[in-house]
>>> print(open('query22.cif').read())   # mmCIF, C-alpha atoms and all ligand atoms
data_coords
#
loop_
_atom_site.label_atom_id
_atom_site.label_comp_id
_atom_site.auth_asym_id
_atom_site.auth_seq_id
_atom_site.Cartn_x
_atom_site.Cartn_y
_atom_site.Cartn_z
CA MET A 63 -15.74 13.78 -1.17
CA PRO A 64 -14.75 10.15 -1.64
CA GLU A 65 -11.00 9.57 -1.78
CA LEU A 66 -8.39 7.19 -3.06
CA VAL A 67 -5.90 6.87 -0.19
CA PHE A 68 -2.61 4.98 -0.44
CA PHE A 69 -1.32 3.81 2.94
CA SER A 70 2.28 2.92 2.28
CA GLY A 71 5.26 1.76 4.29
CA THR A 72 7.83 -0.97 4.49
CA MET A 73 6.95 -4.57 5.16
CA ASP A 74 5.90 -5.25 8.77
CA CYS A 75 4.87 -1.68 9.61
CA GLY A 76 1.22 -2.50 10.32
CA LYS A 77 -0.52 -1.86 6.99
CA SER A 78 -2.75 -4.93 7.09
CA THR A 79 -3.49 -4.29 10.76
CA LEU A 80 -4.67 -0.78 9.88
CA ALA A 81 -6.75 -2.17 6.99
CA LEU A 82 -8.45 -4.55 9.44
CA GLN A 83 -9.01 -1.72 11.94
CA ILE A 84 -10.64 0.46 9.27
CA GLU A 85 -12.83 -2.50 8.29
CA HIS A 86 -13.73 -3.19 11.93
CA ASN A 87 -14.64 0.42 12.74
CA ARG A 88 -16.83 0.80 9.68
CA SER A 89 -18.57 -2.54 9.99
CA ALA A 90 -19.25 -1.72 13.67
CA ARG A 91 -21.31 1.20 12.33
CA GLY A 92 -23.21 -0.94 9.86
CA LEU A 93 -21.16 -0.14 6.78
CA VAL A 94 -20.25 -2.89 4.34
CA GLY A 95 -16.81 -3.06 2.80
CA MET A 96 -15.56 -4.73 -0.36
CA ILE A 97 -12.15 -6.16 0.49
CA PHE A 98 -9.68 -7.01 -2.25
CA THR A 99 -6.30 -8.61 -1.81
CA ARG A 100 -3.66 -10.40 -3.82
CA ASN A 101 -1.05 -12.98 -2.70
CA ASP A 102 -1.55 -12.59 1.05
CA ARG A 103 0.78 -14.89 3.01
CA ALA A 104 -2.26 -16.49 4.74
CA GLY A 105 -3.50 -17.82 1.41
CA GLU A 106 -5.97 -17.09 -1.34
CA GLY A 107 -8.88 -14.82 -0.47
CA LYS A 108 -7.47 -13.73 2.90
CA LEU A 109 -6.38 -10.40 4.38
CA SER A 110 -4.17 -11.16 7.37
CA SER A 111 -2.05 -9.22 9.83
CA ARG A 112 0.88 -10.50 11.85
CA LEU A 113 -1.08 -9.68 15.00
CA GLY A 114 -3.23 -12.72 14.19
CA LEU A 115 -6.28 -10.97 12.78
CA VAL A 116 -7.62 -12.25 9.47
CA THR A 117 -10.69 -11.67 7.32
CA ASP A 118 -12.04 -13.02 4.05
CA ALA A 119 -11.34 -11.00 0.93
CA VAL A 120 -11.80 -11.20 -2.81
CA GLU A 121 -8.61 -12.52 -4.41
CA VAL A 122 -7.65 -10.34 -7.36
CA GLY A 123 -6.25 -12.05 -10.44
CA ASP A 124 -4.41 -10.71 -13.47
CA GLY A 125 -7.67 -10.30 -15.39
CA THR A 126 -9.87 -8.93 -12.60
CA ASP A 127 -11.49 -5.61 -13.50
CA LEU A 128 -12.09 -4.09 -10.08
CA TYR A 129 -14.48 -1.42 -11.35
CA ALA A 130 -16.57 -3.97 -13.29
CA TYR A 131 -16.53 -6.30 -10.28
CA LEU A 132 -18.05 -3.58 -8.10
CA VAL A 133 -20.60 -2.49 -10.72
CA ASP A 134 -21.71 -6.12 -11.07
CA HIS A 135 -21.85 -6.53 -7.27
CA LEU A 136 -23.97 -3.39 -6.81
CA SER A 137 -26.22 -4.12 -9.77
CA ARG A 138 -27.15 -7.45 -8.12
CA GLY A 139 -28.52 -5.39 -5.24
CA ARG A 140 -25.58 -6.12 -2.93
CA ARG A 141 -23.95 -3.43 -0.80
CA ALA A 142 -20.50 -1.91 -0.81
CA ASP A 143 -20.01 1.35 1.07
CA TYR A 144 -16.22 1.50 0.78
CA VAL A 145 -13.34 -0.50 -0.66
CA ILE A 146 -10.13 -1.85 0.88
CA ALA A 147 -7.31 -3.16 -1.32
CA ASP A 148 -4.46 -4.84 0.54
CA GLU A 149 -1.13 -5.90 -1.00
CA ALA A 150 -1.87 -3.19 -3.55
CA GLN A 151 1.71 -3.28 -4.82
CA PHE A 152 0.74 -6.51 -6.61
CA LEU A 153 -2.08 -4.86 -8.57
CA ALA A 154 -1.48 -3.89 -12.19
CA PRO A 155 -1.45 -0.17 -13.04
CA GLU A 156 -4.75 -0.61 -14.94
CA GLN A 157 -6.32 -2.04 -11.79
CA ILE A 158 -5.28 1.09 -9.88
CA ASP A 159 -6.96 3.15 -12.61
CA GLN A 160 -10.06 1.04 -12.03
CA LEU A 161 -9.91 1.85 -8.30
CA ALA A 162 -9.68 5.57 -9.12
CA ARG A 163 -12.78 5.15 -11.28
CA VAL A 164 -14.57 3.48 -8.35
CA VAL A 165 -13.90 6.66 -6.34
CA ASP A 166 -14.94 9.06 -9.08
CA ASP A 167 -17.88 7.25 -10.69
CA LEU A 168 -19.26 5.08 -7.89
CA GLU A 169 -18.38 7.65 -5.19
CA LEU A 170 -16.87 5.13 -2.79
CA ASP A 171 -13.81 5.67 -0.60
CA VAL A 172 -10.96 3.37 -1.59
CA TYR A 173 -8.23 2.57 0.94
CA ALA A 174 -5.22 0.89 -0.66
CA PHE A 175 -2.38 -0.60 1.40
CA GLY A 176 1.00 -1.66 0.10
CA ILE A 177 4.75 -1.42 0.04
CA THR A 178 6.07 1.20 -2.34
CA THR A 179 9.35 -0.33 -3.42
CA ASP A 180 10.67 -3.82 -4.02
CA PHE A 181 13.84 -5.53 -2.76
CA ARG A 182 15.91 -3.53 -5.28
CA SER A 183 14.30 -0.29 -4.05
CA LYS A 184 12.45 0.09 -7.36
CA LEU A 185 8.79 1.09 -7.43
CA PHE A 186 6.25 -1.69 -7.95
CA PRO A 187 4.18 -0.69 -11.02
CA GLY A 188 0.95 -0.75 -8.97
CA SER A 189 2.47 1.43 -6.25
CA GLN A 190 3.82 3.86 -8.83
CA ARG A 191 0.31 4.25 -10.25
CA LEU A 192 -1.07 4.76 -6.75
CA VAL A 193 1.43 7.54 -6.07
CA GLU A 194 0.39 9.09 -9.38
CA LEU A 195 -3.38 8.85 -8.80
CA ALA A 196 -4.05 8.88 -5.05
CA ASP A 197 -5.78 11.83 -3.43
CA ARG A 198 -3.54 11.21 -0.41
CA VAL A 199 -0.48 9.09 0.31
CA GLU A 200 -0.20 8.28 4.01
CA VAL A 201 3.04 6.90 5.39
CA LEU A 202 2.33 4.66 8.36
CA GLN A 203 3.19 6.11 11.75
CA VAL A 204 4.56 3.02 13.51
CA GLU A 205 7.76 2.66 11.62
CA ALA A 206 9.65 -0.59 11.42
CA LEU A 207 13.29 -0.41 12.54
CA CYS A 208 16.54 -1.46 10.90
CA TRP A 209 18.82 -3.70 13.00
CA CYS A 210 20.92 -0.56 13.74
CA GLY A 211 17.93 1.14 15.35
CA ALA A 212 17.34 3.69 12.58
CA ARG A 213 13.97 3.95 10.88
CA ALA A 214 13.64 1.22 8.25
CA THR A 215 12.74 2.65 4.87
CA HIS A 216 13.74 -0.19 2.54
CA ASN A 217 12.83 -3.84 2.04
CA ALA A 218 15.69 -6.29 1.55
CA ARG A 219 15.31 -9.82 0.21
CA THR A 220 17.61 -12.33 1.86
CA VAL A 221 18.76 -15.87 1.24
CA GLY A 222 20.43 -17.41 4.25
CA GLY A 223 20.44 -13.97 5.84
CA VAL A 224 22.42 -12.46 2.98
CA MET A 225 20.84 -9.69 0.94
CA VAL A 226 20.25 -10.54 -2.73
CA VAL A 227 19.61 -8.14 -5.58
CA GLU A 228 18.74 -10.57 -8.38
CA GLY A 229 15.43 -12.36 -8.86
CA ALA A 230 11.77 -11.97 -9.71
CA GLN A 231 10.05 -8.84 -8.43
CA VAL A 232 7.27 -10.88 -6.80
CA VAL A 233 8.19 -13.58 -4.27
CA VAL A 234 5.68 -13.94 -1.44
CA GLY A 235 7.45 -14.20 1.91
CA ASP A 236 7.89 -12.81 5.39
CA VAL A 237 10.39 -11.06 7.61
CA THR A 238 10.22 -14.02 9.97
CA ASP A 239 11.02 -16.68 7.37
CA SER A 240 13.83 -19.00 8.42
CA ALA A 241 17.34 -17.92 7.56
CA ASP A 242 17.82 -20.75 5.00
CA GLU A 243 14.92 -19.73 2.79
CA VAL A 244 14.15 -16.62 0.82
CA GLY A 245 13.07 -14.08 3.40
CA TYR A 246 12.84 -10.36 3.89
CA GLU A 247 14.38 -7.84 6.27
CA VAL A 248 13.63 -4.15 6.60
CA LEU A 249 16.67 -1.87 6.61
CA CYS A 250 17.53 1.81 6.69
CA ARG A 251 18.80 3.22 3.37
CA ARG A 252 22.43 3.23 4.52
CA HIS A 253 22.42 -0.48 5.28
CA HIS A 254 20.31 -1.35 2.24
CA ARG A 255 22.89 0.42 0.05
CA ARG A 256 25.70 -1.44 1.79
CA ARG A 257 23.72 -4.71 1.66
CA MET A 258 24.29 -5.12 5.38
CA THR A 259 21.64 -7.26 7.04
CA ALA A 260 21.46 -8.18 10.72
CA ALA A 261 23.20 -11.50 9.96
CA THR A 262 26.03 -10.00 7.91
CA ALA A 263 26.54 -7.22 10.47
CA ARG A 264 26.79 -9.86 13.22
CA ALA A 265 29.25 -11.92 11.17
CA ALA A 266 31.38 -8.82 10.47
CA ALA A 267 31.46 -7.98 14.18
CA LEU A 268 32.68 -11.51 14.96
CA ALA A 269 35.30 -11.69 12.18
CA PRO A 270 38.78 -12.48 13.60
CA ASP A 271 40.39 -9.36 12.12
CA VAL A 272 38.07 -7.13 14.12
CA LEU A 273 38.29 -9.07 17.39
CA PRO A 274 40.28 -7.25 20.05
CA VAL A 275 43.87 -8.49 20.32
CA THR A 276 44.41 -10.28 23.65
CA GLN A 277 47.49 -9.24 25.57
CA GLY A 278 49.81 -12.18 26.39
N1 LIG A 301 4.06 -10.45 18.78
C1 LIG A 301 3.75 -9.20 18.45
N2 LIG A 301 3.32 -8.34 19.38
C2 LIG A 301 3.00 -7.07 19.08
N3 LIG A 301 3.08 -6.57 17.83
C3 LIG A 301 3.51 -7.39 16.86
C4 LIG A 301 3.86 -8.73 17.10
N4 LIG A 301 4.24 -9.28 15.90
C5 LIG A 301 4.13 -8.30 14.98
N5 LIG A 301 3.69 -7.17 15.57
C6 LIG A 301 3.47 -5.90 14.92
O1 LIG A 301 2.58 -6.10 13.87
C7 LIG A 301 2.85 -5.18 12.84
C8 LIG A 301 2.90 -5.89 11.54
O2 LIG A 301 1.61 -5.98 11.17
P1 LIG A 301 1.11 -6.22 9.70
O3 LIG A 301 -0.20 -5.52 9.64
O4 LIG A 301 1.15 -7.67 9.44
O5 LIG A 301 2.21 -5.44 8.82
P2 LIG A 301 2.28 -5.14 7.27
O6 LIG A 301 0.93 -5.43 6.68
O7 LIG A 301 2.68 -3.69 7.17
O8 LIG A 301 3.35 -6.02 6.73
C9 LIG A 301 4.17 -4.53 13.17
O9 LIG A 301 3.91 -3.19 13.56
C10 LIG A 301 4.71 -5.34 14.31
O10 LIG A 301 5.41 -4.54 15.20
C1 LIG A 302 10.13 -6.36 -0.93
C2 LIG A 302 9.30 -7.35 -1.66
C3 LIG A 302 8.24 -7.97 -1.04
N1 LIG A 302 7.51 -8.88 -1.71
C4 LIG A 302 6.39 -9.55 -1.04
C5 LIG A 302 6.69 -10.20 0.28
C6 LIG A 302 5.34 -10.20 0.96
O1 LIG A 302 4.63 -11.36 0.55
C7 LIG A 302 4.66 -8.94 0.42
C8 LIG A 302 4.67 -7.79 1.38
O2 LIG A 302 3.77 -8.06 2.41
P1 LIG A 302 3.68 -7.20 3.78
O3 LIG A 302 2.32 -7.53 4.28
O4 LIG A 302 3.86 -5.76 3.43
O5 LIG A 302 4.77 -7.70 4.67
O6 LIG A 302 5.41 -8.58 -0.73
C9 LIG A 302 7.77 -9.17 -3.03
O7 LIG A 302 7.07 -9.97 -3.66
N2 LIG A 302 8.81 -8.55 -3.65
C10 LIG A 302 9.59 -7.66 -3.01
O8 LIG A 302 10.56 -7.13 -3.63
#
>>> encode(input="query22.cif", output="structure tokens")
Amino acid sequence: MPELVFFSGTMDCGKSTLALQIEHNRSARGLVGMIFTRNDRAGEGKLSSRLGLVTDAVEVGDGTDLYAYLVDHLSRGRRADYVIADEAQFLAPEQIDQLARVVDDLELDVYAFGITTDFRSKLFPGSQRLVELADRVEVLQVEALCWCGARATHNARTVGGVMVVEGAQVVVGDVTDSADEVGYEVLCRRHHRRRMTAATARAAALAPDVLPVTQG
């Protein structure tokens, strides 16, 4: 039975890498994938992983009907044996419904990859719809780590290394972005709740009132 699978995790846990591996393994066996993405850091129409792998993809826009796109593609005699949707958190709920229809009516497997929650630990609307509709939700196995060493479960947005909780839900960026700009950092829940990033934890450890008193 074809399935809608949601591979979810924090930023930087290997979702795009897994998407590219699934694509590689299937294309090595002669299958043809339809790859959708939205707002990938590598630019329009790209699916990229931090390990350096990248492939071309169809850039989804606000008005793209993913079901209609596939019907049109197939009716022109082109092939699509399965579907990959990366950065699926950026898709609208209706577009997730369209992916579910691709599974049910076109009988294609759909593999969606995305982060579940935003920098305020609120569900992205597209991810919420995926959790509601997916046949399976798979949490990625190679977990990212918080600076404290615990499993990272939350995505923090930072400016100058300091966690912020105000701003637009969508701001494309990376965990490696320089400390001056808007960037991201993955944290465990405890440190996300306390808004304690690696930089603020370091600063707190160096603060004069916590330095050991030197004996004269
Ligand atoms: N230099 C590196 N060497 C090995 N692994 C790396 C390196 N840089 C990033 N990674 C790994 O790549 C993964 C991030 O891959 P990516 O697919 O881009 O993540 P996601 O799509 O979940 O944000 C992480 O598991 C990270 O550990
Ligand atoms: C938490 C959060 C993230 N984003 C953006 C930042 C990145 O461009 C993507 C996530 O990509 P990844 O491949 O999973 O690292 O999402 C955002 O727009 N808003 C957020 O709250």
>>> residues_near_ligand(input="query22.cif", ligand="ligand LIG 302 (chain A)", cutoff="10 Å", atoms="all atoms listed in the file", output="MDAnalysis selection string")
chainID A and resid 70:79 100:104 109:112 148:152 175:186 216:220 227 229:238 244:248
>>> residues_around(input="query22.cif", residues="A:Ala154", least_positions_apart="4", cutoff="9 Å", atoms="only C-alpha atoms", output="PDB file with C-alpha atoms, in the coordinates of the input")
ATOM      1  CA  ASP A 124      -4.410 -10.710 -13.470  1.00  0.00           C
ATOM      2  CA  ALA A 150      -1.870  -3.190  -3.550  1.00  0.00           C
ATOM      3  CA  ILE A 158      -5.280   1.090  -9.880  1.00  0.00           C
ATOM      4  CA  ASP A 159      -6.960   3.150 -12.610  1.00  0.00           C
ATOM      5  CA  PRO A 187       4.180  -0.690 -11.020  1.00  0.00           C
ATOM      6  CA  GLY A 188       0.950  -0.750  -8.970  1.00  0.00           C
ATOM      7  CA  SER A 189       2.470   1.430  -6.250  1.00  0.00           C
ATOM      8  CA  ARG A 191       0.310   4.250 -10.250  1.00  0.00           C
TER       9      ARG A 191
END
>>> atom_distance(input="query22.cif", atom1="atom C5 of ligand LIG 301 (chain A)", atom2="atom CA of A:Val116")
13.6 Å
>>> atom_distance(input="query22.cif", atom1="atom CA of A:Arg163", atom2="atom CA of A:Tyr129")
6.8 Å
>>> atom_distance(input="query22.cif", atom1="atom CA of A:Arg198", atom2="atom CA of A:Glu65")
7.8 Å
>>> axis_aligned_box(input="query22.cif", around="ligand LIG 301 (chain A)", padding_each_side="5 Å", output="lines of an AutoDock Vina configuration file")
center_x = 2.6
center_y = -6.8
center_z = 13.0
size_x = 15.6
size_y = 17.3
size_z = 22.7
>>> residues_around(input="query22.cif", residues="A:Phe98", least_positions_apart="6", cutoff="7 Å", atoms="all atoms listed in the file", output="ChimeraX atom specification")
/A:119-122,146-148
>>> closest_residue(input="query22.cif", among="A:Ala206, A:Val193, A:Ala90, A:Val201", to="ligand LIG 301 (chain A)", atoms="only C-alpha atoms and all ligand atoms")
A:Ala206
>>> decode(input="query22.cif", residues="stretch 116-129 of chain A", atoms="N, CA, C and O atoms", output="tab-separated table (two decimals), in the first residue's frame")
chain	number	residue	atom	x	y	z
A	116	VAL	N	23.40	17.67	-3.38
A	116	VAL	CA	22.31	18.55	-3.83
A	116	VAL	C	21.68	17.96	-5.08
A	116	VAL	O	22.37	17.28	-5.85
A	117	THR	N	20.39	18.16	-5.24
A	117	THR	CA	19.72	17.73	-6.48
A	117	THR	C	18.70	18.77	-6.87
A	117	THR	O	18.29	19.60	-6.06
A	118	ASP	N	18.30	18.73	-8.14
A	118	ASP	CA	17.27	19.66	-8.61
A	118	ASP	C	15.91	19.21	-8.08
A	118	ASP	O	15.67	18.02	-7.85
A	119	ALA	N	15.05	20.18	-7.89
A	119	ALA	CA	13.71	19.89	-7.37
A	119	ALA	C	12.74	20.91	-7.94
A	119	ALA	O	13.15	21.94	-8.48
A	120	VAL	N	11.47	20.62	-7.81
A	120	VAL	CA	10.44	21.57	-8.23
A	120	VAL	C	10.16	22.49	-7.05
A	120	VAL	O	9.83	22.01	-5.95
A	121	GLU	N	10.34	23.79	-7.26
A	121	GLU	CA	10.08	24.76	-6.18
A	121	GLU	C	8.57	24.97	-6.06
A	121	GLU	O	7.90	25.32	-7.02
A	122	VAL	N	8.07	24.74	-4.87
A	122	VAL	CA	6.63	24.90	-4.62
A	122	VAL	C	6.36	26.35	-4.26
A	122	VAL	O	7.08	26.95	-3.46
A	123	GLY	N	5.32	26.91	-4.83
A	123	GLY	CA	4.89	28.27	-4.48
A	123	GLY	C	3.59	28.23	-3.72
A	123	GLY	O	2.99	27.16	-3.55
A	124	ASP	N	3.13	29.42	-3.29
A	124	ASP	CA	1.87	29.49	-2.54
A	124	ASP	C	0.72	28.83	-3.29
A	124	ASP	O	-0.10	28.15	-2.71
A	125	GLY	N	0.71	29.06	-4.62
A	125	GLY	CA	-0.46	28.60	-5.40
A	125	GLY	C	-0.27	27.24	-6.04
A	125	GLY	O	-1.14	26.79	-6.79
A	126	THR	N	0.85	26.56	-5.77
A	126	THR	CA	1.06	25.26	-6.44
A	126	THR	C	0.10	24.21	-5.88
A	126	THR	O	0.02	24.01	-4.67
A	127	ASP	N	-0.62	23.57	-6.80
A	127	ASP	CA	-1.46	22.42	-6.42
A	127	ASP	C	-0.63	21.17	-6.74
A	127	ASP	O	-0.42	20.84	-7.92
A	128	LEU	N	-0.17	20.51	-5.71
A	128	LEU	CA	0.78	19.40	-5.91
A	128	LEU	C	0.11	18.21	-6.59
A	128	LEU	O	0.74	17.52	-7.40
A	129	TYR	N	-1.15	17.98	-6.27
A	129	TYR	CA	-1.89	16.88	-6.91
A	129	TYR	C	-2.06	17.18	-8.40
A	129	TYR	O	-1.74	16.34	-9.26
